[in-house]
Amino acid sequence: MIAQEQKPMDEILGYLEGKQRIVTMGCGGCATFYQTGDKKAVKEMAEKLTKEGKDVTKIFLPLGISACEIDMSSVFLEKNRKAIEGCDAVLVQSCGEGVQVVREYLDDKMGLAKSVYPANNSMGNVGGGPTDFKETCQGCGECELGKIAGICPLTACGKGLMNGPCGGVREDGKCETDPEKDCAWVKIYERLEKLGELDELLKMREPHAWSKMKRPRTFKIEKPISLGRTMFGSIPEYVSFGLRKPFTPKHEEKAEGE
Amino acid sequence: MAKEVYSELMKEVEEGKFVWTGELEPEKAGSVESVVQAAKDLKGHVIACNVTDSPQSFATLSSLVAAYKIQEEAGMEAVYQLRCSDRNRIALQADVLGAGVMGIKNILALTGDHVALGDTPDAKPVYDLDSTTLSYMIRKIVDEGKDLAGNEIAEPPKMHIGAAGAPGAAVLQAEAYKVKRKVKAGAEFIQTQVIYLPEVLDNFFKELGDLGVPVFVGIFPAKSYGAAKFFDEAVAGVDVPPDYLKNLKKTKEIKDKAKRKEEVDRVNVEYFTGFLEHLKDTPATGCHMMAVGYPRIIPALKKVVE
Ligand code: SF4
Ligand code: SF4
């Protein structure tokens with residue numbers, strides 16, 4: 001998911017200075033998850049802007065409808081065409097992807113030249129949860145995980161080294177660049193040791209092929225996935241998910257029992 | 001196949017001599033005069049001198065230019081240090097080929113401290129290659145006349161490749177694997193980070209086993225208490241013995257400058273005599289003296305090994 005946090009209100013108000021009629025739009029994807037673009041976040045944003053004397057139109061995107069998936073979010077843009085036509089600025093409460101997909105749709109499909117502003121700062125692709133997340137993959141296009149113990153040093157190592165560790169590992173196994181972060185190569189070493197595959201460390205890894213990272217990257221699939229395939233087909237799994245016990249990691253269970 | 005020897009440094013190694021190298025740091029300045037002078041001062045004491053490349057990511061004058069100048073103007077062979085932190089493979093290759101033209105015969109392939117640690121923390125770190133793949137790239141250039149992509153290089157340069165080792169690394173086994181990997185990739189000699197403690201030296205060699213290339217052990221006789229303290233506090237994996245530090249600290253009380261110098265020298269000779277005696281019984285084939293600005297100490301230390 002794309003990690004994100006809301007920008008300071010001062011910055012947002014700075015963009016909107018001199019603009020009276022504002023459309024603010026949320027996102028039912030990552031931004032809902034990080035509570036930067038869910039219904040509540042959009043309502044709160046609208047309240048703050050109203051307090052500043054603005055006329056605000058809210059566009060909520062329900063869970064599962066991401067701002068960045070134009071095929072779905074455009075339905076809500078079209079529904080609000082009138083408000084958008086009449087507004088001075090559109091604020092998008094999503095990641096930078098969502099902001100630009102919306103901006104492009106307004107420009108190219110709706111023929112509306114509008115100021116579009118981000119409400120959030122996007123901080124990359126992260127995994128984990130429920131409260132702590134970290135970046136472990138930068139989507140480089142040429143995955144090396146199969147060669148390096150399932151830990152991506154391009155992302156987890158402060159220098160992105162393919163043949164680490166560097167000479168700067170701290171005494172407690174933390175990274176030279178940040179005492180709070182683990183050295184990825186110490187982790188790789190420990191994991192290979194457990195797997196009995198330390199000899200992997202003698203293999204030189206060719207320099208990473210960055211040609212797949214030629215920006216801006218584009219991506220095509222043959223046909224879009226159907227609703228049937230995504231949602232309806234998964235009904236039994238949704239049902240069992242609904243019946244689940246709240247998730248507690250094993251070690252915490254134990255700690256509680258002790 | 002008899003190994004080809006291109007540099008004076010590797011010639012001494014081939015002859016089975018115990019090798020002494022020194023270190024010079026270009027400054028953040030538009031001049032290399034002080035570096036050339038320091039090289040002249042080291043002449044006769046060491047066979048070659050490393051020329052640092054923006055050490056600890058403090059941006060300085062080009063190591064290639066300084067390396068060329070000490071060879072030309074001081075007659076001191078250079079070990080040209082080259083970091084991956086600031087250049088992609090195209091720039092690295094350009095510098096390697098350029099170094100050949102400038103008469104450089106030894107390159108030390110380094111990953112480089114993270115740029116965020118230095119005096120220009122907003123720089124974009126590069127790390128397109130690392131010390132291992134840089135060694136590999138230079139190997140390919142020198143031996144096969146090809147670049148990493150397999151393109152032909154006309155008149156490839158002839159030079160030796162060195163790499164670094166960190167005997168004080170937090171996870172020594174991982175570091176040892178890394179050093180072996182660098183040797184596999186093409187490094188012909190290893191220069192280590194500074195070591196003060198004999199047991200660190202022993203553990204390192206034990207972990208390395210038979211490496212098959214010469215290892216020059218880094219030592220740092222400190223010209224002052226402050227310099228030793230800096231190493232102790234700021235450099236990862238370097239522990240300076242408390243007694244040595246204490247003795248250096250005491251020299252600060254001596255008012256007379258000449259007497260203080262004498263005492264600093266005495267403290268260093270005393271400590272390093274023990275250390276070098278120990279080193280003689282290890283597989284080390286040389287010493288890399290990072291005694292920047294402290295050439296007067298070298299003859300006394302060399303005597304211990306000879
Ligand atoms: S190598 Fe790393 S960045 Fe690239 S795809 Fe794999 S996990 Fe992601
Ligand atoms: S300390 Fe470890 S994670 Fe940090 S830059 Fe060095 S090798 Fe990478």
# chains A, B, ... in the order shown; residues from 1 in each chain; ligands from 1
>>> closest_atom_pairs(of="chain B", to="chain A", cutoff="10 Å", atoms="only C-alpha atoms", output="Markdown table")
| residue | atom | partner | partner_atom | distance |
| --- | --- | --- | --- | --- |
| B:Cys84 | CA | A:Lys159 | CA | 9.9 |
| B:Ser85 | CA | A:Lys159 | CA | 8.1 |
| B:Arg89 | CA | A:Pro207 | CA | 9.2 |
| B:Leu110 | CA | A:Cys166 | CA | 9.4 |
| B:Thr111 | CA | A:Cys166 | CA | 7.1 |
| B:Gly112 | CA | A:Cys166 | CA | 8.3 |
| B:Asp113 | CA | A:Gly168 | CA | 7.2 |
| B:His114 | CA | A:Thr177 | CA | 6.5 |
| B:Val115 | CA | A:Thr177 | CA | 8.9 |
| B:Ala116 | CA | A:Thr177 | CA | 7.0 |
| B:Leu117 | CA | A:Thr177 | CA | 7.1 |
| B:Pro125 | CA | A:Lys159 | CA | 7.5 |
| B:Val126 | CA | A:Lys159 | CA | 8.0 |
| B:Tyr127 | CA | A:Lys159 | CA | 6.2 |
| B:Asp128 | CA | A:Pro207 | CA | 7.1 |
| B:Leu129 | CA | A:Pro207 | CA | 5.8 |
| B:Asp130 | CA | A:Leu161 | CA | 6.2 |
| B:Ser131 | CA | A:Asn163 | CA | 8.0 |
| B:Thr132 | CA | A:Asn163 | CA | 6.4 |
| B:Thr133 | CA | A:Pro207 | CA | 6.3 |
| B:Leu134 | CA | A:Pro207 | CA | 9.0 |
| B:Tyr136 | CA | A:Met204 | CA | 8.9 |
| B:Met137 | CA | A:Pro207 | CA | 9.7 |
| B:Leu148 | CA | A:Pro207 | CA | 8.8 |
| B:Ala164 | CA | A:Gly167 | CA | 8.4 |
| B:Gly165 | CA | A:Gly167 | CA | 7.4 |
| B:Ala166 | CA | A:Gly167 | CA | 5.8 |
| B:Pro167 | CA | A:Gly167 | CA | 9.2 |
| B:Gly168 | CA | A:Gly167 | CA | 9.0 |
| B:Ala169 | CA | A:Gly167 | CA | 6.8 |
| B:Ala170 | CA | A:Glu171 | CA | 4.7 |
| B:Val171 | CA | A:Val186 | CA | 7.1 |
| B:Gln173 | CA | A:Tyr189 | CA | 8.7 |
| B:Ala174 | CA | A:Tyr189 | CA | 6.3 |
| B:Glu175 | CA | A:Pro165 | CA | 6.7 |
| B:Ala176 | CA | A:Leu201 | CA | 9.7 |
| B:Tyr177 | CA | A:Leu201 | CA | 6.0 |
| B:Lys178 | CA | A:Gly164 | CA | 6.8 |
| B:Val179 | CA | A:Leu202 | CA | 9.1 |
| B:Lys180 | CA | A:Leu202 | CA | 6.8 |
| B:Arg181 | CA | A:Leu202 | CA | 5.0 |
| B:Lys182 | CA | A:Met204 | CA | 7.9 |
| B:Val183 | CA | A:Leu202 | CA | 9.8 |
| B:Lys184 | CA | A:Met204 | CA | 7.8 |
| B:Ala185 | CA | A:Met204 | CA | 6.7 |
| B:Gln193 | CA | A:Gly167 | CA | 8.6 |
| B:Val235 | CA | A:Gly168 | CA | 8.2 |
| B:Ala236 | CA | A:Gly168 | CA | 5.6 |
| B:Gly237 | CA | A:Glu171 | CA | 7.0 |
>>> residues_near_ligand(ligand="ligand 1", cutoff="8 Å", atoms="only C-alpha atoms and all ligand atoms", output="ChimeraX atom specification")
/A:136-145,151-155
>>> select_by_dssp(residues="range 35-207 of chain A", states="strand (DSSP E or B)", output="JSON, numbers by chain")
{"A": [55, 56, 57, 58, 59, 89, 90, 91, 92, 115, 116, 117, 118, 120, 121, 122, 123, 124, 125, 127, 128, 133, 134, 174, 175, 178, 179, 180, 181, 182]}
>>> residues_around(residues="range 216-218 of chain B", least_positions_apart="4", cutoff="9 Å", atoms="only C-alpha atoms", output="PyMOL selection string")
chain B and resi 19-21+189-196+201+279+284-290
>>> select_by_dssp(residues="range 6-235 of chain A", states="alpha helix (DSSP H)", output="number ranges by chain")
A: 9-15, 30-33, 39-51, 70-79, 81-86, 96-108, 153-156, 184-195, 227-230, 235
